[in-house]
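Visitor: This is the structure, below, for whatever I ask next.
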Amino acid sequence: MSFLAIRNLSVRLKNGPALLRRVSLDVAPGEVRGLVGESGAGKSMIGKAVLGILPPSVQITEGEILLDGTDLLSLPAKESRRRIGASCALIPQDPLTALNPSHRIGPQITDRLVDILGWTRAAADARARDLLTEVQIADPARVLRSYPHELSGGMRQRILIASAFAAEPKLIVADEPTTALDVTVQKQILRLIAGMQARHGTALLFVTHDLGVVSKVCQQLSVLYSGLVVEDSTVADFFASPRHPYSAALLAATPKYTDPDAGLHPVPDAVIDAVRAEVAAFDRTLAKGVKTHG
Amino acid sequence: MQILRLTILRLLTTLVTLAGVAVIVFFVIRVVPGNPIAMMLPPGATEADIARLSALYGLDQPLVTQFGIWLGGVVQGDFGTSITTRQPVLDLVLGRLPATLELSIMALVMAVIIGGAAALIGTRGRGTRTEGAVDVANGMALSVPDFLWGLVLMLVLGVLFPVFHISGRVTPSLDLPFVTNFYLFESLVRLRFDLWADLVAHMFMPALALAIPLAAVIGQLLKQSLKETMNLDYVTLARTKGYGETHVILREALRNAVLPTLTLVGVQFTFLIGGTVIIERLFSYEGLGNMAIDAVINRDLPLIQGIVILFAVIFTAVNLIVDLAYAVLNPRLRHA
């Protein structure tokens with residue numbers, strides 16, 4: 001049974017366009033699912049919806065987010081927040097803005113353990129030191145006493161990864177965790193996340209626009225266009241033979257670092273037009289459905 | 001170390017500021033019309049009487065010489081003698097200072113509590129009618145000056161529903177055991193809560209009148225700053241950890257949002273101290289401000305000079321405290 005099951009989730013801007021169109025996907029325990037799409041396709045929106053941090057400007061219009069079999073959207077806000085805090089975590093995109101500048105590193109890792117999960121401070125502190133060692137930070141005691149501005153971006157991302165794994169969550173949402181980093185650091189961080197995920201057996205929802213990353217880290221894959229899931233398959237199947245023309249074009253458009261002379265292959269206009277038509281057709285069917293019910 | 005260096009540097013610049021203030025106040029009050037000697041003598045005094053009295057107070061000397069004599073005294077802690085009361089200016093001014101300090105600090109505490117609460121409530125209910133109500137209240141509080149608030153309070157809480165005393169600092173018939181002039185503070189230390197209650201009943205309305213505009217400034221600015229902070233990544237990350245809205249506002253956002261507000265509160269607090277002049281007059285509160293108005297009416301030049309210098313000292317001290325608080329709250333500045 002999947003730990004996370006999203007069923008027909010639709011999200012729209014209040015009085016505005018749809019951002020997610022009946023998205024369904026599953027993440028089994030310990031499994032890594034990549035969410036791929038161009039910017040604005042809604043891939044981050046899915047992660048935010050799961051974690052209950054959608055911006056106030058958007059609203060969920062239908063669907064279910066089942067966490068361990070319970071629909072988060074049907075729970076009172078406080079209860080769903082508690083469940084998310086206890087079993088999920090976020091690895092954010094930008095390590096430079098995701099740590100509170102006024103607090104030392106230590107409490108930012110241990111706060112959830114002490115406040116939400118009721119650990120003793122000593123146990124939480126010991127846990128934080130172990131985690132920093134696990135993410136290969138030298139001198140964890142000093143780093144725990146530091147303020148964020150005293151540390152580099154790569155270091156901060158390691159801390160955020162450690163913090164995400166602190167409470168042994170069942171599911172981690174990684175929201176483009178390497179995008180804001182230096183190319184040289186990206187690979188290390190990616191390897192670190194993959195290693196931690198495998199050791200801890202955590203399910204991962206990996207939001208990225210980089211298919212290269214997907215091929216290295218993920219087992220399952222959802223391709224989004226304009227809030228519509230156009231392809232949902234295993235990574236092996238996808239790279240062997242993508243089913244949807246848009247995903248195929250996306251795959252072809254991925255730059256090959258091994259062959260610098262290959263040039264760039266943007267997604268052809270015809271494919272874009274086709275997938276747009278598909279989205280429009282989907283919206284029309286929805287509208288008709290509403291009419292017949294109404 | 002950083003904080004020590006900042007303090008020393010600021011104390012040095014303060015000296016320059018005070019010297020400037022001394023020059024300005026000394027010469028300006030002698031340029032404007034009005035003659036203290038004329039105020040002291042009965043009508044019909046002879047030219048000879050006027051000349052004799054002028055000589056007695058050194059007012060027949062050239063201005064620059066007078067300034068030299070006065071500044072020489074000030075440097076040694078002698079601010080001269082009040083013309084109206086014949087008492088040393090320093091004693092008079094320091095005697096009244098505690099009353100004004102207590103009133104200003106009480107007003108500041110009220111402003112921080114009211115403004116802070118408004119900001120938190122407004123942020124908690126952002127985008128709803130609650131925030132709208134907070135904005136309307138803030139706007140009203142800001143657009144009415146402190147002395148009008150004083151009159152409104154006096155009418156409502158002094159006359160219609162006489163809860164508080166409308167004049168003075170303490171009920172005159174009470175027996176005061178105090179050795180300092182910090183009555184409010186000393187009554188607490190001596191555990192004389194009866195006297196403390198009487199002092200608060202006198203101080204409440206003038207302090208609130210001073211506090212309301214400042215509370216509005218704090219409320220507006222802090223709310224704006226909190227709302228911006230609430231959208232930052234580290235606040236979002238804290239939400240995913242299972243924390244509720246109130247915890248997120250207080251623990252994650254508040255400390256970072258307070259910083260920009262703090263500087264402005266320092267500036268506004270000096271306005272508040274300036275406001276005590278009129279408010280103390282309105283409520284017949286025996287503080288520095290009330291004394292300043294009397295001194296100006298009586299053309300008591302040494303007293304005016306002493307009061308203005310003291311106000312300047314208070315203003316620079318407030319600014320120094322604000323800068324130090326900023327350094328303490330902002331780790332990036334502390335280690336820089």
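Scheme for the structure tokens: letters A, B, ... for chains in order shown; per-chain residue numbers from 1; ligand numbers from 1 in order shown.
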Set the distance at 10 Å and use only C-alpha atoms: which residues neighbour B:Val93 once local chain neighbours fewer than 6 positions away are removed? I'd like the list as a PyMOL selection string.
Guide: chain B and resi 79+287-288+291-292+303-304+306-307+310
Visitor: Identify, on the basis of only C-alpha atoms, every residue whose closest approach to B:Met110 does not exceed 12 Å; exclude the query and any residue fewer than 4 positions from it along the same chain; express the result as an MDAnalysis selection string.
Guide: chainID B and resid 103:106 114:117 203:216 218
Visitor: Could the residues in this selection be written to a file with C-alpha atoms, as an mmCIF file, in the first residue's frame?
Guide:
data_model
loop_
_atom_site.group_PDB
_atom_site.id
_atom_site.type_symbol
_atom_site.label_atom_id
_atom_site.label_comp_id
_atom_site.auth_asym_id
_atom_site.auth_seq_id
_atom_site.Cartn_x
_atom_site.Cartn_y
_atom_site.Cartn_z
ATOM 1 C CA LEU B 103 5.801 58.911 32.483
ATOM 2 C CA SER B 104 7.696 58.362 29.216
ATOM 3 C CA ILE B 105 8.695 54.805 30.046
ATOM 4 C CA MET B 106 5.166 53.977 31.163
ATOM 5 C CA ILE B 114 -0.862 47.884 22.499
ATOM 6 C CA GLY B 115 1.060 48.190 19.220
ATOM 7 C CA GLY B 116 2.585 44.727 19.541
ATOM 8 C CA ALA B 117 -0.783 43.155 20.266
ATOM 9 C CA MET B 203 -0.194 58.610 35.381
ATOM 10 C CA PHE B 204 -2.470 56.344 33.367
ATOM 11 C CA MET B 205 -4.212 58.908 31.184
ATOM 12 C CA PRO B 206 -1.234 61.130 30.297
ATOM 13 C CA ALA B 207 0.817 57.993 29.585
ATOM 14 C CA LEU B 208 -1.929 56.501 27.408
ATOM 15 C CA ALA B 209 -2.366 59.772 25.518
ATOM 16 C CA LEU B 210 1.351 59.737 24.734
ATOM 17 C CA ALA B 211 1.257 56.021 23.932
ATOM 18 C CA ILE B 212 -1.623 55.902 21.437
ATOM 19 C CA PRO B 213 0.119 57.502 18.408
ATOM 20 C CA LEU B 214 3.305 55.520 19.085
ATOM 21 C CA ALA B 215 1.282 52.316 19.491
ATOM 22 C CA ALA B 216 -0.223 52.957 16.061
ATOM 23 C CA ILE B 218 4.486 50.200 16.123
#
Visitor: Just asking: which residues within stretch 118-240 of chain A are helix (DSSP H, G or I) according to DSSP, as a PyMOL selection string?
Guide: chain A and resi 121-134+140-145+148-150+153-165+183-200+211-217+235-240
Visitor: For chain B versus chain A, which residues have an atom no more than 6 Å away, and what is each residue's nearest atom pair and distance in Å rounded to one decimal, using only C-alpha atoms, chain-then-number order, as JSON lines?
Guide:
{"residue": "B:Asp233", "atom": "CA", "partner": "A:Ala98", "partner_atom": "CA", "distance": 4.8}
{"residue": "B:Tyr234", "atom": "CA", "partner": "A:Ala98", "partner_atom": "CA", "distance": 4.1}
{"residue": "B:Thr240", "atom": "CA", "partner": "A:Gly85", "partner_atom": "CA", "distance": 5.7}
{"residue": "B:Lys241", "atom": "CA", "partner": "A:Gly85", "partner_atom": "CA", "distance": 4.2}
{"residue": "B:Gly242", "atom": "CA", "partner": "A:Gly85", "partner_atom": "CA", "distance": 3.9}
Visitor: Tell me which of B:Phe178, B:Arg124, B:Ala141, B:Ile50 sits closest to B:Arg192, counting only C-alpha atoms.
Guide: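 That would be B:Phe178, the residue with the smallest distance to B:Arg192.
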Visitor: Skip B:Ile297 itself and residues of its chain fewer than 3 positions away, then list as a ChimeraX atom specification all residues within 12 Å of it, counting only C-alpha atoms.
Guide: /B:29,34-36,39,84,290-294,300-301,303-304
Visitor: Can you spit out the residues from that selection as a compact mmCIF listing (two decimals), in the first residue's frame, using N, CA, C and O atoms?
Guide:
# COMPACT_ATOMS: atom_id res chain seq x y z
N ILE B 29 17.73 81.68 22.61
CA ILE B 29 16.82 82.27 23.59
C ILE B 29 17.22 83.69 23.97
O ILE B 29 16.45 84.41 24.58
N GLY B 34 12.05 89.53 24.64
CA GLY B 34 11.66 89.17 26.00
C GLY B 34 12.88 89.31 26.90
O GLY B 34 13.96 88.86 26.55
N ASN B 35 12.68 89.89 28.04
CA ASN B 35 13.82 90.19 28.91
C ASN B 35 13.54 89.69 30.31
O ASN B 35 12.55 90.07 30.93
N PRO B 36 14.37 88.80 30.82
CA PRO B 36 14.11 88.24 32.15
C PRO B 36 14.11 89.30 33.24
O PRO B 36 13.36 89.19 34.21
N MET B 39 10.83 90.83 33.69
CA MET B 39 9.88 89.95 34.35
C MET B 39 10.06 89.98 35.87
O MET B 39 9.14 89.69 36.62
N THR B 84 13.85 82.49 38.49
CA THR B 84 12.58 82.60 39.20
C THR B 84 12.62 82.01 40.59
O THR B 84 12.07 82.57 41.53
N ASN B 290 6.42 70.29 32.05
CA ASN B 290 5.65 71.34 32.70
C ASN B 290 6.57 72.46 33.16
O ASN B 290 6.29 73.65 33.01
N MET B 291 7.72 72.05 33.72
CA MET B 291 8.71 73.03 34.18
C MET B 291 9.26 73.85 33.01
O MET B 291 9.48 75.05 33.13
N ALA B 292 9.42 73.19 31.86
CA ALA B 292 9.95 73.89 30.68
C ALA B 292 9.01 75.01 30.27
O ALA B 292 9.45 76.12 29.94
N ILE B 293 7.69 74.72 30.28
CA ILE B 293 6.74 75.76 29.87
C ILE B 293 6.79 76.94 30.84
O ILE B 293 6.84 78.10 30.43
N ASP B 294 6.83 76.65 32.14
CA ASP B 294 6.96 77.73 33.13
C ASP B 294 8.23 78.54 32.89
O ASP B 294 8.22 79.77 32.95
N ASP B 300 13.10 82.36 32.19
CA ASP B 300 14.14 81.89 33.11
C ASP B 300 15.25 81.23 32.29
O ASP B 300 15.29 80.02 32.12
N LEU B 301 16.15 82.09 31.75
CA LEU B 301 17.12 81.61 30.76
C LEU B 301 17.97 80.43 31.25
O LEU B 301 18.08 79.42 30.56
N LEU B 303 17.37 78.16 33.42
CA LEU B 303 16.54 76.96 33.56
C LEU B 303 16.20 76.37 32.19
O LEU B 303 16.28 75.15 31.97
N ILE B 304 15.83 77.26 31.23
CA ILE B 304 15.54 76.78 29.87
C ILE B 304 16.76 76.04 29.32
O ILE B 304 16.65 74.92 28.80
Visitor: Would you please work out which residue, of B:Leu195, B:Leu101, B:Leu221, B:Val89, is nearest to B:Gly73 when using only C-alpha atoms?
Guide: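 That would be B:Val89, the residue with the smallest distance to B:Gly73.
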Visitor: Applying 12 Å and only C-alpha atoms, which residues near B:His202 remain after dropping the ones on its own chain fewer than 3 positions away? List them as an MDAnalysis selection string.
Guide: chainID B and resid 99 102:103 106 154 157:158 162:172 183:184 195:199 205:208 280 283:286
Visitor: Contacts of A:Ala41 at 10 Å or less, counting only C-alpha atoms, minus same-chain residues fewer than 2 places along, as a list in words?
Guide: Leu19, Leu20, Leu35, Val36, Gly37, Glu38, Ser39, Lys43, Ser44, Met45, His209, Val223, Leu224, Tyr225, Ser226, Gly227, Leu228 and Val229 of chain A
Visitor: Leaving out A:Ile65 and any residue of its chain fewer than 6 positions from it, which residues lie within 6 Å of it when counting only C-alpha atoms, given as a PDB file with N, CA, C and O atoms, in the first residue's frame?
Guide:
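Output below, filename around-v1.pdb:
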ATOM      1  N   ILE A   6      -2.290  10.520  -3.766  1.00  0.00           N
ATOM      2  CA  ILE A   6      -3.023  11.736  -4.132  1.00  0.00           C
ATOM      3  C   ILE A   6      -4.083  11.329  -5.141  1.00  0.00           C
ATOM      4  O   ILE A   6      -3.790  10.613  -6.114  1.00  0.00           O
ATOM      5  N   ASP A  71      -7.207  10.879   4.789  1.00  0.00           N
ATOM      6  CA  ASP A  71      -7.262  12.069   3.936  1.00  0.00           C
ATOM      7  C   ASP A  71      -6.963  13.322   4.761  1.00  0.00           C
ATOM      8  O   ASP A  71      -7.740  13.712   5.637  1.00  0.00           O
ATOM      9  N   LEU A  72      -5.803  13.957   4.463  1.00  0.00           N
ATOM     10  CA  LEU A  72      -5.392  15.146   5.211  1.00  0.00           C
ATOM     11  C   LEU A  72      -6.394  16.278   5.068  1.00  0.00           C
ATOM     12  O   LEU A  72      -6.604  17.064   5.983  1.00  0.00           O
TER      13      LEU A  72
END
Visitor: Determine the nearest neighbour of A:Pro169 from the options A:Ile193, A:Val271, A:Ala203, A:Val58, counting only C-alpha atoms.
Guide: A:Ala203
Visitor: Hey, which of B:Ile279, B:Gly219, B:Asn231, B:Arg190 ends up closest to B:Ile113? Count only C-alpha atoms.
Guide: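 The shortest atom-to-atom distance to B:Ile113 comes from B:Gly219.
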